[in-house]
Every structure is written in C-alpha cells, then in structure tokens.
$ cat upload08.pdb   # PDB, C-alpha atoms and all ligand atoms
ATOM      1  CA  MET A   1     -10.601   3.856  22.268  1.00  0.00           C
ATOM      2  CA  GLN A   2     -12.493   0.548  22.517  1.00  0.00           C
ATOM      3  CA  LYS A   3     -12.971  -1.698  19.496  1.00  0.00           C
ATOM      4  CA  GLY A   4     -16.599  -2.492  18.648  1.00  0.00           C
ATOM      5  CA  GLN A   5     -17.920  -5.054  16.186  1.00  0.00           C
ATOM      6  CA  MET A   6     -15.574  -6.333  13.486  1.00  0.00           C
ATOM      7  CA  VAL A   7     -16.863  -5.164  10.095  1.00  0.00           C
ATOM      8  CA  TYR A   8     -14.219  -6.685   7.824  1.00  0.00           C
ATOM      9  CA  GLU A   9     -11.341  -9.131   7.985  1.00  0.00           C
ATOM     10  CA  GLY A  10      -8.817  -9.111   5.181  1.00  0.00           C
ATOM     11  CA  LYS A  11      -5.569 -10.987   4.637  1.00  0.00           C
ATOM     12  CA  ALA A  12      -3.467  -8.549   6.645  1.00  0.00           C
ATOM     13  CA  LYS A  13      -5.905  -6.430   8.630  1.00  0.00           C
ATOM     14  CA  ARG A  14      -9.107  -6.442  10.654  1.00  0.00           C
ATOM     15  CA  VAL A  15     -11.436  -3.442  10.669  1.00  0.00           C
ATOM     16  CA  TYR A  16     -13.648  -2.630  13.674  1.00  0.00           C
ATOM     17  CA  GLU A  17     -16.364  -0.158  14.497  1.00  0.00           C
ATOM     18  CA  CYS A  18     -15.643   2.171  17.411  1.00  0.00           C
ATOM     19  CA  GLU A  19     -17.397   4.872  19.416  1.00  0.00           C
ATOM     20  CA  ARG A  20     -16.962   7.373  16.575  1.00  0.00           C
ATOM     21  CA  ASP A  21     -19.465   6.794  13.803  1.00  0.00           C
ATOM     22  CA  ASP A  22     -17.174   8.508  11.278  1.00  0.00           C
ATOM     23  CA  ALA A  23     -14.172   6.273  12.059  1.00  0.00           C
ATOM     24  CA  TYR A  24     -12.945   2.691  12.142  1.00  0.00           C
ATOM     25  CA  ILE A  25     -10.123   1.024  14.048  1.00  0.00           C
ATOM     26  CA  VAL A  26      -7.773  -0.955  11.792  1.00  0.00           C
ATOM     27  CA  GLU A  27      -5.779  -3.752  13.411  1.00  0.00           C
ATOM     28  CA  PHE A  28      -2.665  -4.919  11.565  1.00  0.00           C
ATOM     29  CA  LYS A  29      -2.071  -8.708  11.643  1.00  0.00           C
ATOM     30  CA  ASP A  30       1.109 -10.753  11.225  1.00  0.00           C
ATOM     31  CA  ASP A  31      -0.545 -13.063   8.661  1.00  0.00           C
ATOM     32  CA  ALA A  32       1.072 -12.990   5.257  1.00  0.00           C
ATOM     33  CA  THR A  33      -0.269 -14.316   1.979  1.00  0.00           C
ATOM     34  CA  ALA A  34       1.086 -14.260  -1.542  1.00  0.00           C
ATOM     35  CA  PHE A  35       0.080 -15.331  -5.037  1.00  0.00           C
ATOM     36  CA  ASN A  36      -3.581 -14.568  -4.370  1.00  0.00           C
ATOM     37  CA  GLY A  37      -3.676 -16.551  -1.125  1.00  0.00           C
ATOM     38  CA  GLN A  38      -1.976 -19.698  -2.481  1.00  0.00           C
ATOM     39  CA  LYS A  39       1.011 -19.141  -0.184  1.00  0.00           C
ATOM     40  CA  LYS A  40       0.195 -18.531   3.467  1.00  0.00           C
ATOM     41  CA  GLY A  41       2.410 -17.768   6.431  1.00  0.00           C
ATOM     42  CA  SER A  42       3.163 -15.363   9.189  1.00  0.00           C
ATOM     43  CA  ILE A  43       5.870 -12.739   9.605  1.00  0.00           C
ATOM     44  CA  THR A  44       6.813 -12.024  13.213  1.00  0.00           C
ATOM     45  CA  LYS A  45       5.726  -8.504  14.258  1.00  0.00           C
ATOM     46  CA  LYS A  46       4.699  -7.586  10.681  1.00  0.00           C
ATOM     47  CA  GLY A  47       1.525  -5.941  11.994  1.00  0.00           C
ATOM     48  CA  VAL A  48       3.544  -3.783  14.350  1.00  0.00           C
ATOM     49  CA  TYR A  49       5.988  -2.734  11.620  1.00  0.00           C
ATOM     50  CA  ASN A  50       3.276  -2.048   9.025  1.00  0.00           C
ATOM     51  CA  ASN A  51       1.257   0.069  11.454  1.00  0.00           C
ATOM     52  CA  ALA A  52       4.336   2.149  12.289  1.00  0.00           C
ATOM     53  CA  ILE A  53       5.553   2.355   8.665  1.00  0.00           C
ATOM     54  CA  SER A  54       2.114   3.378   7.364  1.00  0.00           C
ATOM     55  CA  THR A  55       1.925   6.006  10.098  1.00  0.00           C
ATOM     56  CA  VAL A  56       5.169   7.604   8.887  1.00  0.00           C
ATOM     57  CA  PHE A  57       4.103   7.525   5.214  1.00  0.00           C
ATOM     58  CA  PHE A  58       0.621   8.969   5.941  1.00  0.00           C
ATOM     59  CA  ASP A  59       2.334  11.708   7.935  1.00  0.00           C
ATOM     60  CA  TRP A  60       4.732  12.520   5.060  1.00  0.00           C
ATOM     61  CA  LEU A  61       1.785  12.712   2.660  1.00  0.00           C
ATOM     62  CA  LYS A  62      -0.250  14.945   4.999  1.00  0.00           C
ATOM     63  CA  GLN A  63       2.702  17.339   5.177  1.00  0.00           C
ATOM     64  CA  GLU A  64       2.502  17.620   1.375  1.00  0.00           C
ATOM     65  CA  GLY A  65      -1.276  18.169   1.263  1.00  0.00           C
ATOM     66  CA  ILE A  66      -2.447  14.659   0.292  1.00  0.00           C
ATOM     67  CA  VAL A  67      -5.737  13.740   1.994  1.00  0.00           C
ATOM     68  CA  THR A  68      -5.749  10.258   3.551  1.00  0.00           C
ATOM     69  CA  HIS A  69      -8.011   8.224   5.832  1.00  0.00           C
ATOM     70  CA  TYR A  70      -5.414   8.353   8.618  1.00  0.00           C
ATOM     71  CA  ILE A  71      -6.527   9.980  11.884  1.00  0.00           C
ATOM     72  CA  ASP A  72      -4.289   8.610  14.640  1.00  0.00           C
ATOM     73  CA  THR A  73      -2.138   5.687  15.747  1.00  0.00           C
ATOM     74  CA  LEU A  74      -3.792   4.114  18.786  1.00  0.00           C
ATOM     75  CA  SER A  75      -1.408   1.323  19.766  1.00  0.00           C
ATOM     76  CA  GLU A  76       1.367  -0.895  18.377  1.00  0.00           C
ATOM     77  CA  ARG A  77      -1.077  -2.606  16.019  1.00  0.00           C
ATOM     78  CA  GLU A  78      -4.043  -0.228  15.835  1.00  0.00           C
ATOM     79  CA  MET A  79      -4.738   2.815  13.708  1.00  0.00           C
ATOM     80  CA  LEU A  80      -7.812   5.076  13.768  1.00  0.00           C
ATOM     81  CA  VAL A  81      -9.009   5.912  10.253  1.00  0.00           C
ATOM     82  CA  LYS A  82     -11.901   7.744   8.595  1.00  0.00           C
ATOM     83  CA  ARG A  83     -14.810   5.522   7.551  1.00  0.00           C
ATOM     84  CA  VAL A  84     -14.810   5.162   3.788  1.00  0.00           C
ATOM     85  CA  ARG A  85     -16.315   3.014   1.076  1.00  0.00           C
ATOM     86  CA  ILE A  86     -13.338   1.431  -0.633  1.00  0.00           C
ATOM     87  CA  ILE A  87     -13.284   1.967  -4.415  1.00  0.00           C
ATOM     88  CA  PRO A  88     -12.678  -1.578  -5.770  1.00  0.00           C
ATOM     89  CA  VAL A  89      -9.775  -0.487  -7.974  1.00  0.00           C
ATOM     90  CA  GLU A  90      -6.151  -1.092  -6.962  1.00  0.00           C
ATOM     91  CA  VAL A  91      -3.894   1.646  -8.314  1.00  0.00           C
ATOM     92  CA  VAL A  92      -0.350   0.429  -8.980  1.00  0.00           C
ATOM     93  CA  THR A  93       2.444   2.909  -9.744  1.00  0.00           C
ATOM     94  CA  ARG A  94       5.794   1.727 -11.098  1.00  0.00           C
ATOM     95  CA  ASN A  95       9.189   3.392 -11.486  1.00  0.00           C
ATOM     96  CA  VAL A  96      11.227   0.267 -12.203  1.00  0.00           C
ATOM     97  CA  ALA A  97      10.231  -2.958 -13.981  1.00  0.00           C
ATOM     98  CA  ALA A  98       9.499  -5.781 -11.547  1.00  0.00           C
ATOM     99  CA  GLY A  99       6.811  -8.322 -10.652  1.00  0.00           C
ATOM    100  CA  THR A 100       3.903  -8.770 -13.017  1.00  0.00           C
ATOM    101  CA  LEU A 101       4.936  -5.854 -15.259  1.00  0.00           C
ATOM    102  CA  ALA A 102       8.305  -7.479 -15.968  1.00  0.00           C
ATOM    103  CA  SER A 103       6.735 -10.872 -16.649  1.00  0.00           C
ATOM    104  CA  ARG A 104       3.770  -9.539 -18.671  1.00  0.00           C
ATOM    105  CA  LEU A 105       5.838  -7.345 -20.979  1.00  0.00           C
ATOM    106  CA  GLY A 106       9.093  -9.332 -20.997  1.00  0.00           C
ATOM    107  CA  LEU A 107      11.126  -6.605 -19.272  1.00  0.00           C
ATOM    108  CA  ILE A 108      14.213  -7.270 -17.197  1.00  0.00           C
ATOM    109  CA  GLU A 109      13.642  -6.857 -13.466  1.00  0.00           C
ATOM    110  CA  GLY A 110      15.415  -3.702 -12.341  1.00  0.00           C
ATOM    111  CA  GLU A 111      15.101  -1.867 -15.665  1.00  0.00           C
ATOM    112  CA  LYS A 112      14.269   1.809 -14.954  1.00  0.00           C
ATOM    113  CA  LEU A 113      11.094   2.758 -16.825  1.00  0.00           C
ATOM    114  CA  LYS A 114      11.421   5.767 -19.186  1.00  0.00           C
ATOM    115  CA  GLN A 115       8.184   7.082 -17.734  1.00  0.00           C
ATOM    116  CA  THR A 116       6.305   6.243 -14.534  1.00  0.00           C
ATOM    117  CA  VAL A 117       3.540   3.709 -15.232  1.00  0.00           C
ATOM    118  CA  VAL A 118       0.153   3.785 -13.485  1.00  0.00           C
ATOM    119  CA  GLU A 119      -2.105   0.733 -13.772  1.00  0.00           C
ATOM    120  CA  PHE A 120      -5.577  -0.175 -12.517  1.00  0.00           C
ATOM    121  CA  TYR A 121      -6.493  -3.624 -11.232  1.00  0.00           C
ATOM    122  CA  LEU A 122      -9.962  -4.840 -10.282  1.00  0.00           C
ATOM    123  CA  LYS A 123      -9.959  -5.593  -6.556  1.00  0.00           C
ATOM    124  CA  ASN A 124     -11.421  -9.108  -6.702  1.00  0.00           C
ATOM    125  CA  ASP A 125      -9.665 -12.061  -5.037  1.00  0.00           C
ATOM    126  CA  GLU A 126     -11.741 -14.693  -6.874  1.00  0.00           C
ATOM    127  CA  LEU A 127     -10.545 -13.321 -10.212  1.00  0.00           C
ATOM    128  CA  GLY A 128      -6.990 -12.752  -8.972  1.00  0.00           C
ATOM    129  CA  ASP A 129      -7.180  -8.928  -9.228  1.00  0.00           C
ATOM    130  CA  PRO A 130      -7.098  -8.683 -13.068  1.00  0.00           C
ATOM    131  CA  LEU A 131      -5.500  -5.716 -14.858  1.00  0.00           C
ATOM    132  CA  ILE A 132      -8.186  -3.374 -16.223  1.00  0.00           C
ATOM    133  CA  ASN A 133      -8.187  -0.150 -18.213  1.00  0.00           C
ATOM    134  CA  HIS A 134     -10.223   3.057 -17.879  1.00  0.00           C
ATOM    135  CA  SER A 135     -13.069   1.855 -20.047  1.00  0.00           C
ATOM    136  CA  HIS A 136     -13.422  -1.425 -18.110  1.00  0.00           C
ATOM    137  CA  ALA A 137     -13.593   0.550 -14.860  1.00  0.00           C
ATOM    138  CA  VAL A 138     -16.236   2.918 -16.247  1.00  0.00           C
ATOM    139  CA  ALA A 139     -18.267   0.091 -17.836  1.00  0.00           C
ATOM    140  CA  LEU A 140     -18.265  -1.842 -14.545  1.00  0.00           C
ATOM    141  CA  GLU A 141     -19.276   1.393 -12.744  1.00  0.00           C
ATOM    142  CA  LEU A 142     -16.280   1.129 -10.418  1.00  0.00           C
ATOM    143  CA  ALA A 143     -15.530   4.833 -10.876  1.00  0.00           C
ATOM    144  CA  THR A 144     -16.171   7.634 -13.345  1.00  0.00           C
ATOM    145  CA  ARG A 145     -13.546   8.728 -15.862  1.00  0.00           C
ATOM    146  CA  GLU A 146     -12.995  11.927 -13.834  1.00  0.00           C
ATOM    147  CA  GLU A 147     -12.498   9.893 -10.662  1.00  0.00           C
ATOM    148  CA  LEU A 148     -10.025   7.598 -12.429  1.00  0.00           C
ATOM    149  CA  ASP A 149      -8.085  10.649 -13.666  1.00  0.00           C
ATOM    150  CA  HIS A 150      -8.055  11.955 -10.093  1.00  0.00           C
ATOM    151  CA  LEU A 151      -6.772   8.587  -8.779  1.00  0.00           C
ATOM    152  CA  GLU A 152      -4.032   8.544 -11.410  1.00  0.00           C
ATOM    153  CA  ARG A 153      -2.936  12.137 -10.738  1.00  0.00           C
ATOM    154  CA  THR A 154      -2.967  11.540  -6.965  1.00  0.00           C
ATOM    155  CA  ALA A 155      -0.963   8.307  -7.342  1.00  0.00           C
ATOM    156  CA  LEU A 156       1.670  10.198  -9.361  1.00  0.00           C
ATOM    157  CA  MET A 157       1.838  12.959  -6.742  1.00  0.00           C
ATOM    158  CA  ILE A 158       2.220  10.353  -3.987  1.00  0.00           C
ATOM    159  CA  ASN A 159       4.932   8.667  -6.043  1.00  0.00           C
ATOM    160  CA  ASP A 160       6.880  11.936  -6.344  1.00  0.00           C
ATOM    161  CA  ILE A 161       6.694  12.544  -2.583  1.00  0.00           C
ATOM    162  CA  LEU A 162       7.571   9.008  -1.474  1.00  0.00           C
ATOM    163  CA  TYR A 163      10.226   8.462  -4.169  1.00  0.00           C
ATOM    164  CA  GLU A 164      12.146  11.610  -3.200  1.00  0.00           C
ATOM    165  CA  ARG A 165      11.896  11.118   0.552  1.00  0.00           C
ATOM    166  CA  LEU A 166      12.850   7.430   0.342  1.00  0.00           C
ATOM    167  CA  HIS A 167      15.799   8.379  -1.863  1.00  0.00           C
ATOM    168  CA  THR A 168      17.193  10.447   1.041  1.00  0.00           C
ATOM    169  CA  LYS A 169      17.056   7.217   3.111  1.00  0.00           C
ATOM    170  CA  GLY A 170      18.909   5.191   0.482  1.00  0.00           C
ATOM    171  CA  VAL A 171      15.736   3.338  -0.546  1.00  0.00           C
ATOM    172  CA  LEU A 172      14.563   2.919  -4.158  1.00  0.00           C
ATOM    173  CA  LEU A 173      10.762   2.946  -4.515  1.00  0.00           C
ATOM    174  CA  VAL A 174      10.305   0.352  -7.273  1.00  0.00           C
ATOM    175  CA  ASP A 175       6.501   0.153  -7.294  1.00  0.00           C
ATOM    176  CA  PHE A 176       3.502   0.250  -4.968  1.00  0.00           C
ATOM    177  CA  LYS A 177      -0.237  -0.360  -4.742  1.00  0.00           C
ATOM    178  CA  LEU A 178      -2.738   2.167  -3.406  1.00  0.00           C
ATOM    179  CA  GLU A 179      -6.411   1.923  -2.532  1.00  0.00           C
ATOM    180  CA  PHE A 180      -8.745   4.871  -2.286  1.00  0.00           C
ATOM    181  CA  GLY A 181     -12.062   5.319  -0.491  1.00  0.00           C
ATOM    182  CA  VAL A 182     -15.006   7.710  -0.468  1.00  0.00           C
ATOM    183  CA  THR A 183     -16.034   9.380   2.817  1.00  0.00           C
ATOM    184  CA  ALA A 184     -19.630  10.017   3.917  1.00  0.00           C
ATOM    185  CA  GLU A 185     -19.149  13.571   2.576  1.00  0.00           C
ATOM    186  CA  GLY A 186     -18.233  12.180  -0.846  1.00  0.00           C
ATOM    187  CA  GLU A 187     -14.536  13.066  -0.686  1.00  0.00           C
ATOM    188  CA  ILE A 188     -12.043  10.635  -2.258  1.00  0.00           C
ATOM    189  CA  VAL A 189      -9.168   9.943   0.150  1.00  0.00           C
ATOM    190  CA  LEU A 190      -6.178   7.627   0.171  1.00  0.00           C
ATOM    191  CA  ALA A 191      -7.042   4.542   2.266  1.00  0.00           C
ATOM    192  CA  ASP A 192      -5.609   1.107   3.171  1.00  0.00           C
ATOM    193  CA  GLU A 193      -1.889   1.047   4.066  1.00  0.00           C
ATOM    194  CA  ILE A 194       1.505   1.872   2.608  1.00  0.00           C
ATOM    195  CA  SER A 195       4.015  -0.705   3.792  1.00  0.00           C
ATOM    196  CA  PRO A 196       6.462  -3.394   2.631  1.00  0.00           C
ATOM    197  CA  ASP A 197       3.345  -5.540   2.012  1.00  0.00           C
ATOM    198  CA  THR A 198       2.124  -3.112  -0.649  1.00  0.00           C
ATOM    199  CA  CYS A 199       5.363  -1.627  -2.011  1.00  0.00           C
ATOM    200  CA  ARG A 200       8.646  -2.837  -3.468  1.00  0.00           C
ATOM    201  CA  PHE A 201      11.598  -1.207  -1.729  1.00  0.00           C
ATOM    202  CA  TRP A 202      15.191  -1.901  -2.788  1.00  0.00           C
ATOM    203  CA  ASP A 203      18.357  -0.732  -1.109  1.00  0.00           C
ATOM    204  CA  GLU A 204      19.806   1.834  -3.530  1.00  0.00           C
ATOM    205  CA  GLN A 205      23.387   0.626  -3.099  1.00  0.00           C
ATOM    206  CA  THR A 206      22.964  -3.148  -3.180  1.00  0.00           C
ATOM    207  CA  ASN A 207      19.485  -3.634  -4.758  1.00  0.00           C
ATOM    208  CA  GLU A 208      18.687  -5.860  -1.776  1.00  0.00           C
ATOM    209  CA  LYS A 209      14.929  -6.353  -1.520  1.00  0.00           C
ATOM    210  CA  LEU A 210      13.437  -4.814   1.633  1.00  0.00           C
ATOM    211  CA  ASP A 211       9.794  -5.828   1.207  1.00  0.00           C
ATOM    212  CA  LYS A 212       7.325  -8.687   0.959  1.00  0.00           C
ATOM    213  CA  ASP A 213       9.123 -10.176  -2.061  1.00  0.00           C
ATOM    214  CA  ARG A 214      11.453 -11.738   0.561  1.00  0.00           C
ATOM    215  CA  PHE A 215       8.418 -13.739   1.776  1.00  0.00           C
ATOM    216  CA  ARG A 216       6.967 -14.332  -1.709  1.00  0.00           C
ATOM    217  CA  ARG A 217      10.293 -15.715  -2.998  1.00  0.00           C
ATOM    218  CA  ASP A 218      11.555 -17.392   0.198  1.00  0.00           C
ATOM    219  CA  LEU A 219      14.600 -15.116   0.392  1.00  0.00           C
ATOM    220  CA  GLY A 220      14.822 -15.220   4.211  1.00  0.00           C
ATOM    221  CA  ARG A 221      15.403 -12.294   6.605  1.00  0.00           C
ATOM    222  CA  VAL A 222      11.808 -11.173   6.040  1.00  0.00           C
ATOM    223  CA  GLU A 223      11.165  -9.608   9.459  1.00  0.00           C
ATOM    224  CA  GLU A 224      14.553  -7.872   9.274  1.00  0.00           C
ATOM    225  CA  ALA A 225      13.554  -6.193   5.990  1.00  0.00           C
ATOM    226  CA  TYR A 226      10.394  -4.683   7.523  1.00  0.00           C
ATOM    227  CA  GLN A 227      12.413  -3.580  10.547  1.00  0.00           C
ATOM    228  CA  GLU A 228      15.063  -2.012   8.298  1.00  0.00           C
ATOM    229  CA  ILE A 229      12.484   0.048   6.388  1.00  0.00           C
ATOM    230  CA  LEU A 230      10.948   1.316   9.634  1.00  0.00           C
ATOM    231  CA  HIS A 231      14.391   2.155  11.012  1.00  0.00           C
ATOM    232  CA  ARG A 232      15.408   4.093   7.884  1.00  0.00           C
ATOM    233  CA  ILE A 233      12.246   6.155   7.557  1.00  0.00           C
ATOM    234  CA  GLN A 234      12.098   6.988  11.272  1.00  0.00           C
ATOM    235  CA  ASN A 235      15.657   8.332  11.240  1.00  0.00           C
ATOM    236  CA  LYS A 236      15.654  12.012  10.393  1.00  0.00           C
TER     237      LYS A 236
HETATM  238  P1  LIG B   1       2.772  -6.763  -9.062  1.00  0.00           P
HETATM  239  O1  LIG B   1       1.646  -6.416 -10.010  1.00  0.00           O
HETATM  240  O2  LIG B   1       4.117  -6.609  -9.694  1.00  0.00           O
HETATM  241  O3  LIG B   1       2.565  -8.097  -8.399  1.00  0.00           O
HETATM  242  O4  LIG B   1       2.684  -5.710  -7.864  1.00  0.00           O
HETATM  243  C1  LIG B   1       3.018  -4.353  -8.058  1.00  0.00           C
HETATM  244  C2  LIG B   1       3.096  -3.658  -6.713  1.00  0.00           C
HETATM  245  O5  LIG B   1       1.803  -3.553  -6.132  1.00  0.00           O
HETATM  246  C3  LIG B   1       3.954  -4.387  -5.670  1.00  0.00           C
HETATM  247  O6  LIG B   1       4.600  -3.420  -4.871  1.00  0.00           O
HETATM  248  C4  LIG B   1       2.945  -5.180  -4.849  1.00  0.00           C
HETATM  249  O7  LIG B   1       3.389  -5.319  -3.516  1.00  0.00           O
HETATM  250  C5  LIG B   1       1.702  -4.294  -4.923  1.00  0.00           C
HETATM  251  N1  LIG B   1       0.460  -5.081  -5.039  1.00  0.00           N
HETATM  252  C6  LIG B   1      -0.220  -5.390  -6.167  1.00  0.00           C
HETATM  253  N2  LIG B   1      -1.330  -6.110  -5.880  1.00  0.00           N
HETATM  254  C7  LIG B   1      -1.352  -6.249  -4.548  1.00  0.00           C
HETATM  255  C8  LIG B   1      -2.265  -6.910  -3.642  1.00  0.00           C
HETATM  256  O8  LIG B   1      -3.298  -7.471  -4.018  1.00  0.00           O
HETATM  257  N3  LIG B   1      -1.916  -6.864  -2.324  1.00  0.00           N
HETATM  258  C9  LIG B   1      -0.799  -6.229  -1.872  1.00  0.00           C
HETATM  259  N4  LIG B   1      -0.525  -6.244  -0.555  1.00  0.00           N
HETATM  260  N5  LIG B   1       0.060  -5.594  -2.702  1.00  0.00           N
HETATM  261  C10 LIG B   1      -0.198  -5.606  -4.017  1.00  0.00           C
END

$ encode --input "upload08.pdb" --output "structure tokens"
Amino acid sequence: MQKGQMVYEGKAKRVYECERDDAYIVEFKDDATAFNGQKKGSITKKGVYNNAISTVFFDWLKQEGIVTHYIDTLSEREMLVKRVRIIPVEVVTRNVAAGTLASRLGLIEGEKLKQTVVEFYLKNDELGDPLINHSHAVALELATREELDHLERTALMINDILYERLHTKGVLLVDFKLEFGVTAEGEIVLADEISPDTCRFWDEQTNEKLDKDRFRRDLGRVEEAYQEILHRIQNK
C-alpha cells in the first residue's frame, strides 16, 4: 500500500494517509528522545524492532479480545492502523516502583507495588506531560468519567495479559504507557505502540534493563536490549 500525505510526525513515528480512508500508515523511526526532548539521539534499527515488537503485542491482545487500532504489518518499519482521534491522556500502569513514581513518592526502584497503580498524564509536550487525576481530565473535557473508567479497566486487563505472557519469557513488566483513540464509529480502541520505548522491561533473573532506560541513562547496549525483547517474545 502506498503512503499518501504525512498527517503527523512525532518523536518516534510518522503517520501517513493511504488509499483507505479508514486507515493510516504508521512509520517507525530510529530517532530517540528522552526527558521531554532534552536528550536526543538515534538507536540503530529501533523502528524495525518497535514495529515488530508492537505487532506481537497487538496480536497477543487481539487473541484475548482487546480491541486495538492494529490492522496489519506492511513492511519492516510500517504498520497499517485504524484512523482514530487520539485521546490526549497517557495511561501509565505500574507493577513495580521505578521512574517518576519512585522519585515522586520516595520509593526504592524495584520495590513491588502491593497493588497495580494506574495513572493519567496529560499528553502535552510543552507542559512535560503532567500527572492529572480524573477530575482534571473531566474538567479539561479530555474524556468523560465513564471513558476514564473504561481506560483504567482496559489498562488493567492489558497489564494482566502482558504481565503473564512476558513472565513466561523471563521478562518482568515493570510499567508501561498506553494511548487510546476514538474511531469514526465512536469506539475507543488501544492505539499508539507497545514497545521498549513505552514500557519498562527487566530480565527476571538479573533485573537487567531491556528497554529505553538504557538510552535515557546511558547504560550502553541499547540496540541489543530491543533485539533481546523481540527475540524473547517471538520465541514460542
Ligand atoms: P515514568 O513516568 O516513570 O517516566 O514512565 C512510566 C512508564 O511509561 C515507562 O515505561 C515509560 O517508558 C512510559 N512513558 C511515560 N511517559 C511516556 C512518554 O511520554 N513517552 C514514552 N515513549 N513513554 C512514556
């Protein structure tokens, strides 16, 4: 399928129109940013790995009845997805304390949370994606309370599916960020990507980080981490 006009360029992806008016082509880039764009770089073949990794995760979720924007994988870097309006709320789900949760609440990185935490962040680069609660989201008309409850329940279901399946691959799902969109028919579906850019994955045995934190913290072997995740989830 031919790419048409580019409709959006983000930090890690470009989105194009195509011959289907109900679909877009997403192209995964190698560009990497961190700390709200303050750190910039490139990870060799990241776009190829993230396209393949997201394909596997969307497939796992489809098998379990979760509706996503995923239609097909077109090439090494291209995915065909349903056209949606992205809801400007990032939904973060956490099993283990890390990142901003650990620093905000003074928790030790690696501490297992007694209960899974779901958080909402306003998707706004200029403001640095601030943490918001239900009433902020409703007041800003980002989503209704019912929609927020649906996002939270769906995020928890996705967490259960991915956590268990990754566990069989020796991978601990520490936390991850999801984005949802609304189709022309008004259905809320999981959108964006699920990859080492948007998740924290640790090796269960060694706690070695297998995600973008290797880039954020200059830990080296960044490309190898993405490759390792793809390798583990592709192996039956
Ligand atoms: P934290 O709030 O600890 O920085 O991030 C929590 C989780 O959500 C991590 O897995 C992180 O990769 C993901 N995440 C949060 N915000 C963003 C974002 O703006 N972009 C991406 N790619 N991932 C994010």

$ atom_distance --input "upload08.pdb" --atom1 "atom CA of A:Phe176" --atom2 "atom CA of A:Tyr163"
10.6 Å

$ residues_near_ligand --input "upload08.pdb" --ligand "ligand LIG 1 (chain B)" --cutoff "6 Å" --atoms "only C-alpha atoms and all ligand atoms" --output "ChimeraX atom specification"
/A:92,98-101,175-177,197-200

$ write_last_selection --input "upload08.pdb" --atoms "C-alpha atoms" --output "tab-separated table (two decimals), in the coordinates of the input"
chain	number	residue	atom	x	y	z
A	92	VAL	CA	-0.35	0.43	-8.98
A	98	ALA	CA	9.50	-5.78	-11.55
A	99	GLY	CA	6.81	-8.32	-10.65
A	100	THR	CA	3.90	-8.77	-13.02
A	101	LEU	CA	4.94	-5.85	-15.26
A	175	ASP	CA	6.50	0.15	-7.29
A	176	PHE	CA	3.50	0.25	-4.97
A	177	LYS	CA	-0.24	-0.36	-4.74
A	197	ASP	CA	3.34	-5.54	2.01
A	198	THR	CA	2.12	-3.11	-0.65
A	199	CYS	CA	5.36	-1.63	-2.01
A	200	ARG	CA	8.65	-2.84	-3.47

$ closest_residue --input "upload08.pdb" --among "A:Lys11, A:Lys82, A:Asp149, A:Lys123" --to "A:Lys40" --atoms "all atoms listed in the file"
A:Lys11

$ residues_around --input "upload08.pdb" --residues "A:Arg83" --least-positions-apart "5" --cutoff "9 Å" --atoms "all atoms listed in the file" --output "PyMOL selection string"
chain A and resi 21-24+69+181-184

$ atom_distance --input "upload08.pdb" --atom1 "atom CA of A:Gln115" --atom2 "atom CA of A:Asn95"
7.3 Å

$ resolve_selection --input "upload08.pdb" --expression "the PyMOL selection byres (((chain A and resi 207) around 12) and not hetatm)" --output "ChimeraX atom specification"
/A:96,109-111,170-174,200-206,208-211

$ residues_around --input "upload08.pdb" --residues "stretch 189-194 of chain A" --least-positions-apart "3" --cutoff "10 Å" --atoms "only C-alpha atoms" --output "MDAnalysis selection string"
chainID A and resid 13 26 28 50:51 53:58 61 66:70 81:87 151 154:155 158 176:183 186 197:199

$ atom_distance --input "upload08.pdb" --atom1 "atom CA of A:Leu148" --atom2 "atom CA of A:Val117"
14.4 Å

$ residues_around --input "upload08.pdb" --residues "A:Glu126" --least-positions-apart "2" --cutoff "12 Å" --atoms "all atoms listed in the file" --output "PyMOL selection string"
chain A and resi 35-38+122-124+128-130

$ write_last_selection --input "upload08.pdb" --atoms "C-alpha atoms" --output "CSV table (one decimal), in the frame of the given file"
chain,number,residue,atom,x,y,z
A,35,PHE,CA,0.1,-15.3,-5.0
A,36,ASN,CA,-3.6,-14.6,-4.4
A,37,GLY,CA,-3.7,-16.6,-1.1
A,38,GLN,CA,-2.0,-19.7,-2.5
A,122,LEU,CA,-10.0,-4.8,-10.3
A,123,LYS,CA,-10.0,-5.6,-6.6
A,124,ASN,CA,-11.4,-9.1,-6.7
A,128,GLY,CA,-7.0,-12.8,-9.0
A,129,ASP,CA,-7.2,-8.9,-9.2
A,130,PRO,CA,-7.1,-8.7,-13.1

$ closest_residue --input "upload08.pdb" --among "A:Leu105, A:Arg77, A:Gly4, A:Val118" --to "A:Asp30" --atoms "only C-alpha atoms"
A:Arg77

$ closest_residue --input "upload08.pdb" --among "A:Val138, A:Ala102, A:Val89, A:Ile71" --to "A:Asp125" --atoms "all atoms listed in the file"
A:Val89

$ build_atoms --input "upload08.pdb" --residues "stretch 212-222 of chain A" --atoms "N, CA and C atoms" --output "mmCIF file, keeping the file's coordinate frame"
data_model
loop_
_atom_site.group_PDB
_atom_site.id
_atom_site.type_symbol
_atom_site.label_atom_id
_atom_site.label_comp_id
_atom_site.auth_asym_id
_atom_site.auth_seq_id
_atom_site.Cartn_x
_atom_site.Cartn_y
_atom_site.Cartn_z
ATOM 1 N N LYS A 212 7.978 -7.380 0.893
ATOM 2 C CA LYS A 212 7.325 -8.687 0.959
ATOM 3 C C LYS A 212 7.831 -9.681 -0.089
ATOM 4 N N ASP A 213 8.541 -9.228 -1.106
ATOM 5 C CA ASP A 213 9.123 -10.176 -2.061
ATOM 6 C C ASP A 213 10.043 -11.174 -1.333
ATOM 7 N N ARG A 214 10.602 -10.803 -0.193
ATOM 8 C CA ARG A 214 11.453 -11.738 0.561
ATOM 9 C C ARG A 214 10.617 -12.930 1.041
ATOM 10 N N PHE A 215 9.347 -12.665 1.387
ATOM 11 C CA PHE A 215 8.418 -13.739 1.776
ATOM 12 C C PHE A 215 7.929 -14.485 0.529
ATOM 13 N N ARG A 216 7.516 -13.701 -0.496
ATOM 14 C CA ARG A 216 6.967 -14.332 -1.709
ATOM 15 C C ARG A 216 7.973 -15.308 -2.318
ATOM 16 N N ARG A 217 9.268 -14.920 -2.304
ATOM 17 C CA ARG A 217 10.293 -15.715 -2.998
ATOM 18 C C ARG A 217 11.175 -16.519 -2.048
ATOM 19 N N ASP A 218 10.772 -16.626 -0.801
ATOM 20 C CA ASP A 218 11.555 -17.392 0.198
ATOM 21 C C ASP A 218 13.012 -16.946 0.255
ATOM 22 N N LEU A 219 13.225 -15.633 0.378
ATOM 23 C CA LEU A 219 14.600 -15.116 0.392
ATOM 24 C C LEU A 219 15.179 -15.038 1.801
ATOM 25 N N GLY A 220 14.346 -15.309 2.824
ATOM 26 C CA GLY A 220 14.822 -15.220 4.211
ATOM 27 C C GLY A 220 14.918 -13.784 4.693
ATOM 28 N N ARG A 221 15.251 -13.620 5.993
ATOM 29 C CA ARG A 221 15.403 -12.294 6.605
ATOM 30 C C ARG A 221 14.224 -11.372 6.275
ATOM 31 N N VAL A 222 13.015 -11.938 6.386
ATOM 32 C CA VAL A 222 11.808 -11.173 6.040
ATOM 33 C C VAL A 222 11.527 -10.113 7.104
#
